[in-house]
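> Structure incoming, see below.
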Amino acid sequence: MTLYWEWDDSLNIGVDVIDRQHQRIVDYMNQLHRAHVAGQREKIEEVLCGLLDYTETHFAFEEDLMQQAGYPISAAHQQVHKSFIKRIHSLYRQHQQGDDVAARLLSDLRIWLTNHIRNDDQDYRPFVSKYMKRQSGGWLSRTLGRFFS
Ligand SMILES: [Fe+2]
């Protein structure tokens, strides 16, 4: 089966830990697409929950990282995450009411994430890269551990 969205390296911002998380979101989207095409309602529900949960955790991790790095407009970036979460929650509610939202969610997320990565995430990269270079070995796994368990 063809992938809904194949990751291409032009989407990497150059911060490994973030790029891997973005790729994981794309993996979830491909799983959702597969379940949707196959008409597996239970699987759609399961993947949808995983996707929303992972996306929110990724946002929280990224926000923490931006703040630690002293990125000057992290509050504005956080606001952008917040309004997108609102949008995907409303789609999820429609799904719970029996609507078939997978196609809309996938296309919204793809467009949104592409723009967000290329503009907003790319913008904090210099701050975060510089900050991360100054940290010692265990810092990253400790920080990850606070968000992803
Ligand atoms: Fe972001």
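Lettering and numbering for the structure tokens are positional, with chains as A, B, ... in the shown order, residues counted from 1 in each chain, and ligands counted from 1 in the shown order.
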I want to know what sits within 12 Å of range 115-122 of chain A, based on only C-alpha atoms, with residues of the same chain fewer than 3 positions away left out; could you give that as a PyMOL selection string?

chain A and resi 9-15+18-19+21-23+59+62-63+65-66+71+73-81+84+108-112+125-129

> Taking N, CA, C and O atoms for each residue, export the selection above as a compact mmCIF listing (two decimals), in the first residue's frame.


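The file below, result13.txt, is the result:
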```txt
# COMPACT_ATOMS: atom_id res chain seq x y z
N ASP A 9 13.75 14.53 3.27
CA ASP A 9 14.73 15.18 4.14
C ASP A 9 14.67 16.71 4.10
O ASP A 9 15.23 17.36 4.98
N SER A 10 13.98 17.26 3.13
CA SER A 10 13.88 18.72 3.11
C SER A 10 13.03 19.21 4.29
O SER A 10 13.01 20.40 4.62
N LEU A 11 12.33 18.26 4.95
CA LEU A 11 11.52 18.64 6.12
C LEU A 11 12.34 18.62 7.41
O LEU A 11 11.84 19.05 8.45
N ASN A 12 13.55 18.11 7.35
CA ASN A 12 14.38 18.11 8.56
C ASN A 12 14.78 19.54 8.91
O ASN A 12 15.20 20.29 8.03
N ILE A 13 14.67 19.88 10.20
CA ILE A 13 15.14 21.21 10.57
C ILE A 13 16.60 21.17 11.03
O ILE A 13 17.22 22.20 11.23
N GLY A 14 17.10 19.96 11.26
CA GLY A 14 18.50 19.85 11.65
C GLY A 14 18.70 19.69 13.15
O GLY A 14 19.81 19.79 13.64
N VAL A 15 17.60 19.49 13.86
CA VAL A 15 17.69 19.13 15.28
C VAL A 15 17.14 17.71 15.34
O VAL A 15 15.93 17.50 15.23
N ILE A 18 14.01 16.51 17.30
CA ILE A 18 12.77 17.08 16.77
C ILE A 18 12.41 16.43 15.43
O ILE A 18 11.26 16.06 15.19
N ASP A 19 13.40 16.26 14.59
CA ASP A 19 13.14 15.63 13.27
C ASP A 19 12.56 14.23 13.46
O ASP A 19 11.65 13.83 12.74
N GLN A 21 10.81 13.16 15.96
CA GLN A 21 9.42 13.27 16.44
C GLN A 21 8.47 13.64 15.29
O GLN A 21 7.37 13.12 15.20
N HIS A 22 8.92 14.54 14.44
CA HIS A 22 8.08 14.88 13.28
C HIS A 22 7.86 13.65 12.39
O HIS A 22 6.76 13.41 11.90
N GLN A 23 8.92 12.86 12.23
CA GLN A 23 8.79 11.64 11.42
C GLN A 23 7.82 10.65 12.06
O GLN A 23 7.09 9.95 11.37
N PHE A 59 4.45 18.63 21.05
CA PHE A 59 4.33 20.09 21.21
C PHE A 59 4.87 20.52 22.59
O PHE A 59 5.61 21.48 22.70
N GLU A 62 8.61 20.33 22.67
CA GLU A 62 9.19 21.40 21.86
C GLU A 62 9.09 22.74 22.58
O GLU A 62 10.04 23.53 22.59
N GLU A 63 7.96 22.97 23.22
CA GLU A 63 7.76 24.23 23.94
C GLU A 63 8.75 24.35 25.10
O GLU A 63 9.33 25.42 25.33
N LEU A 65 11.65 22.91 25.29
CA LEU A 65 12.98 23.09 24.70
C LEU A 65 13.20 24.55 24.26
O LEU A 65 14.25 25.14 24.54
N MET A 66 12.19 25.12 23.63
CA MET A 66 12.30 26.52 23.18
C MET A 66 12.51 27.45 24.36
O MET A 66 13.29 28.40 24.29
N TYR A 71 14.42 30.98 23.47
CA TYR A 71 13.87 31.46 22.19
C TYR A 71 12.89 32.59 22.49
O TYR A 71 11.93 32.42 23.23
N ILE A 73 10.46 34.21 21.03
CA ILE A 73 9.02 34.23 20.76
C ILE A 73 8.37 32.86 20.98
O ILE A 73 7.46 32.45 20.25
N SER A 74 8.84 32.17 22.03
CA SER A 74 8.26 30.85 22.31
C SER A 74 6.78 30.93 22.70
O SER A 74 6.02 30.01 22.41
N ALA A 75 6.38 32.04 23.33
CA ALA A 75 4.96 32.15 23.73
C ALA A 75 4.06 32.20 22.50
O ALA A 75 2.99 31.58 22.47
N ALA A 76 4.50 32.90 21.47
CA ALA A 76 3.70 32.98 20.24
C ALA A 76 3.65 31.61 19.56
O ALA A 76 2.61 31.18 19.06
N HIS A 77 4.78 30.91 19.58
CA HIS A 77 4.84 29.58 18.98
C HIS A 77 3.89 28.62 19.72
O HIS A 77 3.18 27.84 19.11
N GLN A 78 3.90 28.76 21.03
CA GLN A 78 3.03 27.92 21.86
C GLN A 78 1.55 28.17 21.52
O GLN A 78 0.75 27.24 21.49
N GLN A 79 1.24 29.42 21.25
CA GLN A 79 -0.14 29.79 20.89
C GLN A 79 -0.56 29.11 19.58
O GLN A 79 -1.69 28.65 19.44
N VAL A 80 0.37 29.02 18.65
CA VAL A 80 0.10 28.37 17.37
C VAL A 80 -0.20 26.88 17.60
O VAL A 80 -1.14 26.32 17.02
N HIS A 81 0.58 26.25 18.50
CA HIS A 81 0.32 24.84 18.84
C HIS A 81 -1.08 24.70 19.44
O HIS A 81 -1.83 23.80 19.10
N PHE A 84 -3.89 24.85 17.03
CA PHE A 84 -3.97 23.64 16.19
C PHE A 84 -4.53 22.46 16.98
O PHE A 84 -5.31 21.66 16.45
N ASP A 108 -5.46 18.25 6.64
CA ASP A 108 -5.18 19.42 7.50
C ASP A 108 -3.80 19.31 8.15
O ASP A 108 -3.02 20.26 8.16
N LEU A 109 -3.55 18.13 8.70
CA LEU A 109 -2.30 17.93 9.43
C LEU A 109 -1.10 18.02 8.50
O LEU A 109 -0.08 18.61 8.85
N ARG A 110 -1.26 17.48 7.32
CA ARG A 110 -0.15 17.52 6.37
C ARG A 110 0.19 18.95 5.97
O ARG A 110 1.35 19.37 5.98
N ILE A 111 -0.83 19.71 5.64
CA ILE A 111 -0.62 21.11 5.23
C ILE A 111 -0.07 21.92 6.40
O ILE A 111 0.92 22.65 6.28
N TRP A 112 -0.72 21.75 7.54
CA TRP A 112 -0.32 22.53 8.72
C TRP A 112 1.12 22.21 9.12
O TRP A 112 1.93 23.10 9.35
N ARG A 125 15.29 26.97 15.34
CA ARG A 125 16.42 26.05 15.21
C ARG A 125 17.77 26.60 15.71
O ARG A 125 18.44 25.95 16.51
N PRO A 126 18.19 27.80 15.27
CA PRO A 126 19.49 28.28 15.73
C PRO A 126 19.60 28.38 17.25
O PRO A 126 20.64 28.02 17.82
N PHE A 127 18.53 28.81 17.89
CA PHE A 127 18.53 28.95 19.35
C PHE A 127 18.66 27.58 20.02
O PHE A 127 19.46 27.39 20.93
N VAL A 128 17.82 26.65 19.55
CA VAL A 128 17.78 25.32 20.16
C VAL A 128 19.09 24.56 19.88
O VAL A 128 19.64 23.93 20.78
N SER A 129 19.60 24.64 18.67
CA SER A 129 20.85 23.94 18.34
C SER A 129 21.98 24.42 19.23
O SER A 129 22.73 23.62 19.79
```

> Could you pull out the alpha helix (DSSP H) residues of chain A, going by DSSP on the backbone, and write them as a PyMOL selection string?

chain A and resi 16-37+41-68+74-96+102-116+122-133+139-147

> Could you work out how far CA of Val26 in chain A lies from CA of Arg87 in chain A, giving the answer in Å with one decimal?

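Calculated distance between CA of Arg87 in chain A and CA of Val26 in chain A is 17.9 Å.
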
> Just the number, please: distance in Å from CA of Leu51 in chain A to CA of Leu113 in chain A, one decimal.

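So the answer is 13.2 Å.
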
> Quick one: of A:Val101, A:Ile88, A:Leu144, A:Ala60, who's nearest to ligand 1, counting only C-alpha atoms and all ligand atoms?

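Distance minimum relative to ligand 1 lands on A:Ala60.
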
> Excluding Asp27 in chain A and residues on its chain fewer than 3 positions from it, collect all residues at most 10 Å away from it, counting only C-alpha atoms, and give them as a CSV table (one decimal) with all heavy atoms, in the first residue's frame.


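Final output, result34.csv:
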```csv
chain,number,residue,atom,x,y,z
A,3,LEU,N,2.1,5.0,0.8
A,3,LEU,CA,2.1,5.8,2.0
A,3,LEU,C,1.3,7.0,1.7
A,3,LEU,O,1.2,7.5,0.6
A,3,LEU,CB,3.5,6.2,2.4
A,3,LEU,CG,4.5,5.1,2.8
A,3,LEU,CD1,5.9,5.7,2.9
A,3,LEU,CD2,4.0,4.4,4.0
A,4,TYR,N,0.6,7.5,2.7
A,4,TYR,CA,-0.1,8.8,2.6
A,4,TYR,C,0.9,9.9,2.4
A,4,TYR,O,0.8,10.9,1.6
A,4,TYR,CB,-0.9,9.1,3.8
A,4,TYR,CG,-1.7,10.4,3.7
A,4,TYR,CD1,-2.8,10.5,2.9
A,4,TYR,CD2,-1.3,11.5,4.4
A,4,TYR,CE1,-3.5,11.7,2.8
A,4,TYR,CE2,-1.9,12.7,4.3
A,4,TYR,CZ,-3.0,12.8,3.5
A,4,TYR,OH,-3.7,14.0,3.3
A,5,TRP,N,2.0,9.9,3.2
A,5,TRP,CA,3.0,10.9,3.2
A,5,TRP,C,4.3,10.3,3.4
A,5,TRP,O,4.6,9.7,4.5
A,5,TRP,CB,2.6,11.9,4.3
A,5,TRP,CG,3.5,13.2,4.3
A,5,TRP,CD1,4.4,13.6,3.3
A,5,TRP,CD2,3.4,14.2,5.2
A,5,TRP,NE1,4.9,14.8,3.7
A,5,TRP,CE2,4.4,15.2,4.8
A,5,TRP,CE3,2.7,14.4,6.4
A,5,TRP,CZ2,4.6,16.4,5.6
A,5,TRP,CZ3,2.9,15.6,7.1
A,5,TRP,CH2,3.9,16.6,6.7
A,6,GLU,N,5.2,10.5,2.5
A,6,GLU,CA,6.5,9.9,2.6
A,6,GLU,C,7.4,11.1,3.1
A,6,GLU,O,7.5,12.1,2.4
A,6,GLU,CB,7.0,9.3,1.3
A,6,GLU,CG,8.3,8.5,1.6
A,6,GLU,CD,8.6,7.6,0.4
A,6,GLU,OE1,7.8,7.6,-0.6
A,6,GLU,OE2,9.6,6.8,0.5
A,7,TRP,N,8.1,10.8,4.2
A,7,TRP,CA,9.0,11.9,4.8
A,7,TRP,C,10.1,12.2,3.8
A,7,TRP,O,10.7,11.3,3.2
A,7,TRP,CB,9.6,11.4,6.0
A,7,TRP,CG,10.5,12.4,6.7
A,7,TRP,CD1,11.8,12.6,6.6
A,7,TRP,CD2,10.0,13.4,7.5
A,7,TRP,NE1,12.3,13.6,7.3
A,7,TRP,CE2,11.2,14.2,7.9
A,7,TRP,CE3,8.8,13.8,8.0
A,7,TRP,CZ2,11.1,15.3,8.7
A,7,TRP,CZ3,8.7,14.9,8.9
A,7,TRP,CH2,9.8,15.7,9.2
A,21,GLN,N,10.8,13.2,16.0
A,21,GLN,CA,9.4,13.3,16.4
A,21,GLN,C,8.5,13.6,15.3
A,21,GLN,O,7.4,13.1,15.2
A,21,GLN,CB,9.3,14.3,17.6
A,21,GLN,CG,10.0,13.8,18.9
A,21,GLN,CD,10.0,14.8,20.0
A,21,GLN,OE1,9.4,15.8,19.9
A,21,GLN,NE2,10.9,14.5,21.0
A,22,HIS,N,8.9,14.5,14.4
A,22,HIS,CA,8.1,14.9,13.3
A,22,HIS,C,7.9,13.6,12.4
A,22,HIS,O,6.8,13.4,11.9
A,22,HIS,CB,8.7,16.0,12.5
A,22,HIS,CG,8.7,17.4,13.1
A,22,HIS,ND1,9.6,18.3,12.9
A,22,HIS,CD2,7.8,17.9,14.0
A,22,HIS,CE1,9.3,19.4,13.7
A,22,HIS,NE2,8.2,19.1,14.3
A,23,GLN,N,8.9,12.9,12.2
A,23,GLN,CA,8.8,11.6,11.4
A,23,GLN,C,7.8,10.6,12.1
A,23,GLN,O,7.1,10.0,11.4
A,23,GLN,CB,10.2,11.0,11.2
A,23,GLN,CG,11.0,11.7,10.2
A,23,GLN,CD,12.5,11.2,10.2
A,23,GLN,OE1,12.7,10.0,10.3
A,23,GLN,NE2,13.4,12.1,10.0
A,24,ARG,N,7.8,10.6,13.4
A,24,ARG,CA,6.9,9.7,14.1
A,24,ARG,C,5.5,10.1,13.9
A,24,ARG,O,4.6,9.3,13.7
A,24,ARG,CB,7.3,9.7,15.6
A,24,ARG,CG,6.5,8.8,16.4
A,24,ARG,CD,7.0,7.4,16.3
A,24,ARG,NE,6.1,6.4,17.1
A,24,ARG,CZ,5.1,5.8,16.5
A,24,ARG,NH1,4.8,5.9,15.3
A,24,ARG,NH2,4.4,5.0,17.3
A,30,ASN,N,0.5,7.8,8.4
A,30,ASN,CA,0.4,6.7,7.4
A,30,ASN,C,-0.4,5.5,8.0
A,30,ASN,O,-1.1,4.9,7.2
A,30,ASN,CB,1.8,6.3,7.0
A,30,ASN,CG,2.5,7.3,6.1
A,30,ASN,OD1,1.8,7.8,5.2
A,30,ASN,ND2,3.8,7.5,6.3
A,31,GLN,N,-0.3,5.3,9.3
A,31,GLN,CA,-1.1,4.2,9.9
A,31,GLN,C,-2.6,4.5,9.8
A,31,GLN,O,-3.4,3.7,9.6
A,31,GLN,CB,-0.7,4.1,11.4
A,31,GLN,CG,0.5,3.2,11.6
A,31,GLN,CD,0.8,3.1,13.2
A,31,GLN,OE1,-0.1,3.0,14.0
A,31,GLN,NE2,2.0,3.3,13.5
A,32,LEU,N,-2.8,5.8,10.1
A,32,LEU,CA,-4.2,6.2,10.1
A,32,LEU,C,-4.8,6.1,8.7
A,32,LEU,O,-5.9,5.6,8.5
A,32,LEU,CB,-4.4,7.7,10.5
A,32,LEU,CG,-5.8,8.3,10.5
A,32,LEU,CD1,-6.7,7.5,11.4
A,32,LEU,CD2,-5.7,9.8,10.9
A,33,HIS,N,-4.0,6.4,7.7
A,33,HIS,CA,-4.5,6.3,6.3
A,33,HIS,C,-4.7,4.8,5.9
A,33,HIS,O,-5.8,4.5,5.3
A,33,HIS,CB,-3.4,6.9,5.4
A,33,HIS,CG,-3.6,6.7,3.9
A,33,HIS,ND1,-4.6,7.3,3.2
A,33,HIS,CD2,-3.0,5.9,3.0
A,33,HIS,CE1,-4.6,6.9,2.0
A,33,HIS,NE2,-3.6,6.1,1.8
A,51,LEU,N,-2.1,9.2,17.7
A,51,LEU,CA,-1.7,10.4,17.0
A,51,LEU,C,-1.9,11.7,17.7
A,51,LEU,O,-1.0,12.5,17.9
A,51,LEU,CB,-2.4,10.4,15.6
A,51,LEU,CG,-2.2,11.7,14.7
A,51,LEU,CD1,-0.7,11.8,14.3
A,51,LEU,CD2,-3.1,11.6,13.5
```

> Would you work out the distance separating CA of His36 in chain A from CA of Phe61 in chain A, expressed in Å to one decimal?

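Between CA of His36 in chain A and CA of Phe61 in chain A the gap works out to 28.7 Å.
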
> From the list A:Arg93, A:Lys43, A:Arg142, A:Lys82, which residue is nearest ligand 1 when using only C-alpha atoms and all ligand atoms?

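Among the listed residues, A:Lys82 lies closest to ligand 1.
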
> Could you give me, as JSON, numbers by chain, the residues within 12 Å of His95 in chain A, counting only C-alpha atoms and dropping anything in the same chain fewer than 2 positions from it?

{"A": [41, 42, 44, 45, 48, 49, 88, 89, 90, 91, 92, 93, 97, 98, 99, 100, 101, 102, 103, 104, 105]}
